[in-house]
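Trainee: The structure that follows is given in the form of structure tokens.
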Amino acid sequence: AQGMFLAKSLLKNSRSAIVRRPTIQSQNSWMQILTKCKENVQRKISPLMTKKKQAQPSLGIGAGGDPIKKIDLAAEKAIADTLRKQGISFTLISEESGFKEYGKAPDRCYVTVDPIDGSTNLTRQIPFYATSIAVSPKPTLETVYAALVADLCRNAVYTAQRNQGAYCNGIKIRPSKNVSLEDAVIGVDINTFKINELIGSFSNLAKKTKHIRHLGANALELCYVADGKSDAFVDIRGKLRTTDVAAAYLVIKESGAKMTNINGKPLKARLDPKRTVSFVAAANMAMHKNVLSLVRREKEKR
Ligand code: IPD
Ligand code: CA
């Protein structure tokens with residue numbers, strides 16, 4: 001009976017070793033792995049960067065609804081290949097390919113990526129685009145616990161781990177303490193054909209502040225709120241995919257900045273390239289309250 005018990009427990013242990021090994025990554029090892037992913041993205045996309053500002057041919061429509069480009073696919077593959085080389089089993093949730101399972105226990109680790117955030121900037125050689133990777137135990141935004149957003153044009157790698165703060169190139173970052181709307185730098189994404197629905201909120205903001213921006217890569221713009229370069233970033237188009245914000249969400253949260261939905265409630269969403277979110281992110285509570293009230297006033301009028 002003892003032999004039987006030993007055999008059973010050996011079998012149990014070996015099974016759990018097989019199943020658990022890939023997902024037991026310490027937070028520190030995730031940071032090393034995500035950095036490797038980013039380095040591989042840079043290696044794989046650089047030969048594809050053309051000097052000409054020409055539209056790249058589309059390879060069909062991606063899971064997020066936009067045309068797939070060779071460069072976006074190469075970046076996605078670079079991330080997946082790096083994770084596989086590390087022996088990690090995971091479900092990839094990507095703007096390009098949707099859901100893809102790798103290894104034996106893909107339901108225990110979700111890696112949500114926007115391989116290139118700011119694809120239009122990249123193809124037009126506007127130096128503001130990033131790669132974005134988020135890790136979570138469930139396919140939900142609120143469970144993301146390790147994240148990286150890397151500016152692919154400058155040496156700026158934003159990282160965050162749950163309860164451990166947010167960093168840029170290993171240095172802890174903090175949002176601004178500015179509470180003056182007038183002096184604030186506020187990012188607003190107004191890229192939508194349904195601009196009529198946004199114009200009221202936008203003009204409320206524009207009337208109160210001198211410095212409105214939109215730089216064209218929303219993950220990176222959220223990181224700019226996290227490290228105090230800007231004071232708020234607003235995207236209420238209902239168009240931004242959860243794959244674009246997954247990593248920046250944790251960077252914002254861990255930096256101490258505030259990000260909510262349009263009703264001021266915590267942002268919660270399923271991670272899926274088809275799922276979109278609207279949000280107001282701001283450096284501090286006072287700035288958040290001011291920006292949210294300007295944006296909401298119009299919504300309430302409708
Ligand atoms: C885009 C950028 C852009 C925003 C678009 C996004 P993509 O990401 O973040 O700033 O206006 O809605 O789709 O398509 O380059 O990954
Ligand atoms: Ca993209």
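Labels used: A, B, ... for chains in the order of the structure tokens, numbers from 1 for residues in each chain, and numbers from 1 for ligands as shown.
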Please provide the set of residues having any atom within 8 Å of stretch 74-81 of chain A, restricted to only C-alpha atoms, with same-chain residues fewer than 4 positions apart removed, written as a list in words.
Mentor: Cys37, Lys38, Asn40, Val41, Gln42, Lys44, Ile45, Lys70, Lys85, Leu92, Ser94, Glu96, Val113, Asp114, Pro115 and Ile116 of chain A
Trainee: Would you write out those residues with N, CA and C atoms, as a compact mmCIF listing (two decimals), in the first residue's frame?
Mentor:
```txt
# COMPACT_ATOMS: atom_id res chain seq x y z
N CYS A 37 11.60 39.82 -24.99
CA CYS A 37 10.58 39.93 -26.05
C CYS A 37 10.78 41.22 -26.82
N LYS A 38 10.94 42.30 -26.08
CA LYS A 38 11.09 43.62 -26.71
C LYS A 38 12.35 43.66 -27.57
N ASN A 40 13.76 41.17 -29.05
CA ASN A 40 13.52 40.36 -30.24
C ASN A 40 12.63 41.10 -31.24
N VAL A 41 11.65 41.84 -30.72
CA VAL A 41 10.80 42.65 -31.61
C VAL A 41 11.70 43.62 -32.39
N GLN A 42 12.59 44.31 -31.69
CA GLN A 42 13.46 45.28 -32.37
C GLN A 42 14.32 44.61 -33.44
N LYS A 44 13.69 41.83 -35.06
CA LYS A 44 12.93 41.28 -36.19
C LYS A 44 12.28 42.36 -37.06
N ILE A 45 11.98 43.52 -36.47
CA ILE A 45 11.31 44.53 -37.33
C ILE A 45 12.30 45.42 -38.05
N LYS A 70 2.87 43.31 -42.51
CA LYS A 70 3.97 42.36 -42.32
C LYS A 70 4.73 42.66 -41.01
N LYS A 85 10.52 29.95 -26.43
CA LYS A 85 11.91 29.57 -26.15
C LYS A 85 12.18 29.48 -24.66
N LEU A 92 -1.86 33.55 -26.17
CA LEU A 92 -1.55 34.87 -26.71
C LEU A 92 -2.87 35.54 -27.10
N SER A 94 -3.84 38.77 -29.12
CA SER A 94 -3.17 39.80 -29.90
C SER A 94 -4.12 40.51 -30.85
N GLU A 96 -3.46 41.29 -33.73
CA GLU A 96 -3.34 40.75 -35.09
C GLU A 96 -4.01 39.37 -35.21
N VAL A 113 -0.97 41.27 -26.17
CA VAL A 113 0.01 42.13 -26.84
C VAL A 113 -0.63 43.03 -27.89
N ASP A 114 -0.07 44.22 -27.98
CA ASP A 114 -0.24 45.01 -29.19
C ASP A 114 1.18 45.08 -29.75
N PRO A 115 1.48 44.25 -30.74
CA PRO A 115 2.87 44.13 -31.20
C PRO A 115 3.46 45.48 -31.58
N ILE A 116 2.68 46.28 -32.33
CA ILE A 116 3.10 47.66 -32.64
C ILE A 116 1.92 48.58 -32.32
```
Trainee: Apply DSSP to the backbone of this structure and, from stretch 88-278 of chain A, keep only the residues in helix (DSSP H, G or I); write these as a ChimeraX atom specification.
Mentor: /A:106-108,119-123,141-143,195-197,199-208,218-226,242-255
Trainee: Which residues are close to A:Ser89, i.e. within 6 Å by only C-alpha atoms, leaving aside same-chain residues fewer than 3 positions away? Reply as a PyMOL selection string.
Mentor: chain A and resi 22+102-103+105-106
Trainee: How would the residues just chosen look if you wrote them out with all heavy atoms as a PDB file, in the first residue's frame?
Mentor:
```pdb
ATOM      1  N   PRO A  22       5.543  25.975 -16.436  1.00  0.00           N
ATOM      2  CA  PRO A  22       5.583  27.122 -17.331  1.00  0.00           C
ATOM      3  C   PRO A  22       5.014  28.401 -16.743  1.00  0.00           C
ATOM      4  O   PRO A  22       5.377  29.469 -17.164  1.00  0.00           O
ATOM      5  CB  PRO A  22       4.716  26.663 -18.511  1.00  0.00           C
ATOM      6  CG  PRO A  22       4.506  25.223 -18.345  1.00  0.00           C
ATOM      7  CD  PRO A  22       4.658  24.933 -16.912  1.00  0.00           C
ATOM      8  N   TYR A 102      -0.411  28.200 -26.715  1.00  0.00           N
ATOM      9  CA  TYR A 102       0.916  27.584 -26.827  1.00  0.00           C
ATOM     10  C   TYR A 102       1.163  26.716 -25.590  1.00  0.00           C
ATOM     11  O   TYR A 102       0.881  27.135 -24.470  1.00  0.00           O
ATOM     12  CB  TYR A 102       2.018  28.647 -26.885  1.00  0.00           C
ATOM     13  CG  TYR A 102       1.959  29.501 -28.129  1.00  0.00           C
ATOM     14  CD1 TYR A 102       1.229  30.687 -28.140  1.00  0.00           C
ATOM     15  CD2 TYR A 102       2.645  29.138 -29.283  1.00  0.00           C
ATOM     16  CE1 TYR A 102       1.183  31.481 -29.282  1.00  0.00           C
ATOM     17  CE2 TYR A 102       2.599  29.931 -30.427  1.00  0.00           C
ATOM     18  CZ  TYR A 102       1.863  31.098 -30.415  1.00  0.00           C
ATOM     19  OH  TYR A 102       1.811  31.887 -31.539  1.00  0.00           O
ATOM     20  N   GLY A 103       1.706  25.526 -25.800  1.00  0.00           N
ATOM     21  CA  GLY A 103       2.106  24.669 -24.677  1.00  0.00           C
ATOM     22  C   GLY A 103       0.946  23.931 -24.037  1.00  0.00           C
ATOM     23  O   GLY A 103      -0.171  23.917 -24.561  1.00  0.00           O
ATOM     24  N   ALA A 105      -0.412  24.173 -20.803  1.00  0.00           N
ATOM     25  CA  ALA A 105      -1.355  24.774 -19.846  1.00  0.00           C
ATOM     26  C   ALA A 105      -1.649  26.230 -20.236  1.00  0.00           C
ATOM     27  O   ALA A 105      -1.402  27.146 -19.466  1.00  0.00           O
ATOM     28  CB  ALA A 105      -0.773  24.704 -18.440  1.00  0.00           C
ATOM     29  N   PRO A 106      -2.209  26.423 -21.441  1.00  0.00           N
ATOM     30  CA  PRO A 106      -2.391  27.802 -21.929  1.00  0.00           C
ATOM     31  C   PRO A 106      -3.440  28.599 -21.162  1.00  0.00           C
ATOM     32  O   PRO A 106      -3.513  29.811 -21.300  1.00  0.00           O
ATOM     33  CB  PRO A 106      -2.814  27.604 -23.383  1.00  0.00           C
ATOM     34  CG  PRO A 106      -3.406  26.250 -23.431  1.00  0.00           C
ATOM     35  CD  PRO A 106      -2.702  25.426 -22.401  1.00  0.00           C
TER      36      PRO A 106
END
```
Trainee: What lies within 7 Å of A:Ala160 using only C-alpha atoms, ignoring chain neighbours under 6 positions off, as a list in words?
Mentor: Ala146, Ala147, Leu148, Ala166, Tyr167, Leu250, Val251 and Glu254 of chain A
Trainee: Next, dump the selected residues to file, keeping only C-alpha atoms, as a tab-separated table (two decimals), in the first residue's frame.
Mentor:
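Result file follows (part-v9.tsv):
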```
chain	number	residue	atom	x	y	z
A	146	ALA	CA	3.32	42.27	-15.21
A	147	ALA	CA	3.61	44.71	-18.08
A	148	LEU	CA	5.99	46.33	-20.49
A	166	ALA	CA	6.10	51.46	-12.24
A	167	TYR	CA	9.48	52.12	-13.80
A	250	LEU	CA	-0.78	48.47	-15.09
A	251	VAL	CA	1.93	51.09	-15.65
A	254	GLU	CA	1.35	51.22	-10.35
```
Trainee: Find, counting only C-alpha atoms, the residue in A:Ile133, A:Ala246, A:Asp117, A:Gln125 that gets nearest to A:Ile33.
Mentor: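 Among the listed residues, the smallest separation from A:Ile33 belongs to A:Ile133.
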Trainee: Per residue of chain A within 8 Å of ligand 1, what are the shortest atom pair and its distance in Å to one decimal, counting only C-alpha atoms and all ligand atoms, with rows by chain and residue number, as CSV?
Mentor:
```
residue,atom,partner,partner_atom_place_in_ligand_line,distance
A:Asp66,CA,ligand 1,14 (O),7.0
A:Glu95,CA,ligand 1,16 (O),7.5
A:Asp114,CA,ligand 1,16 (O),6.0
A:Pro115,CA,ligand 1,16 (O),7.5
A:Ile116,CA,ligand 1,16 (O),5.5
A:Asp117,CA,ligand 1,16 (O),3.6
A:Gly118,CA,ligand 1,15 (O),3.3
A:Ser119,CA,ligand 1,15 (O),3.8
A:Thr120,CA,ligand 1,15 (O),5.9
A:Asn121,CA,ligand 1,15 (O),7.5
A:Tyr129,CA,ligand 1,15 (O),7.6
A:Asp189,CA,ligand 1,11 (O),5.8
A:Ile190,CA,ligand 1,11 (O),7.4
A:Asn191,CA,ligand 1,11 (O),5.4
A:His214,CA,ligand 1,10 (O),7.4
A:Leu215,CA,ligand 1,10 (O),6.6
A:Gly216,CA,ligand 1,10 (O),3.4
A:Ala217,CA,ligand 1,9 (O),3.8
A:Asn218,CA,ligand 1,9 (O),3.9
A:Ala219,CA,ligand 1,9 (O),6.3
A:Lys239,CA,ligand 1,12 (O),6.2
A:Leu240,CA,ligand 1,12 (O),5.2
A:Arg241,CA,ligand 1,13 (O),7.1
A:Asp244,CA,ligand 1,16 (O),6.3
```
Trainee: Would you mind listing what lies within 10 Å of A:Ala184 as a ChimeraX atom specification, with only C-alpha atoms counted and same-chain residues fewer than 3 positions away left out?
Mentor: /A:176,178-181,187,208-212,229-232,287
Trainee: Kindly indicate which residue among A:Pro273, A:Val188, A:Ser46, A:Phe193 lies nearest to ligand 2, using only C-alpha atoms and all ligand atoms for the distances.
Mentor: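 With only C-alpha atoms and all ligand atoms as the atom set, the closest residue is A:Pro273.
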Trainee: Would you please extract all strand (DSSP E) residues from stretch 169-297 of chain A, as assigned by DSSP on the backbone, and give them as a list in words?
Mentor: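 Reading the DSSP output for stretch 169-297 of chain A, strand (DSSP E) covers Ile171, Lys172, Val185, Ile186, Gly187, Val188, His211, Ile212, Arg213, Ala232, Phe233, Val234, Asp235, Ile236, Arg237, Gly238, Lys239, Leu240, Arg241, Lys258, Met259, Thr260, Thr276, Val277, Ser278, Phe279, Val280, Ala281 and Ala282 of chain A.
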Trainee: Work out how far apart atom CA of A:Thr131 and atom CA of A:Ala63 are and give it in Å to one decimal.
Mentor: 17.2 Å
Trainee: So, with only C-alpha atoms as the atoms that count, which of A:Met31, A:Leu152, A:Leu198, A:Ala247 lies closest to A:Val111?
Mentor: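 Closest candidate: A:Ala247.
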Trainee: Measuring atom to atom with only C-alpha atoms, identify which of A:Ala248, A:Ile195, A:Met285, A:Ile88 is nearest to A:Glu221.
Mentor: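 Once distances to A:Glu221 are computed over only C-alpha atoms, the minimum belongs to A:Ala248.
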Trainee: Considering only C-alpha atoms and all ligand atoms, state which residue in the set A:Thr243, A:Pro127, A:Leu141, A:Cys223 is at the smallest distance from ligand 2.
Mentor: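 Closest to ligand 2, using only C-alpha atoms and all ligand atoms: A:Thr243.
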Trainee: A:Lys138, A:Thr242, A:Ser203, A:Ile171: which is nearest ligand 2, counting only C-alpha atoms and all ligand atoms?
Mentor: A:Thr242
Trainee: Determine, counting only C-alpha atoms, which protein, DNA and RNA residues have an atom within 8 Å of an atom of A:Phe279; residues of the same chain fewer than 4 positions away are not included. Present the result as a list in words.
Mentor: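 Counting only the stated atoms, we get Val234, Asp235, Ile236, Met259, Thr260, Asn261, Ile262 and Leu267 of chain A.
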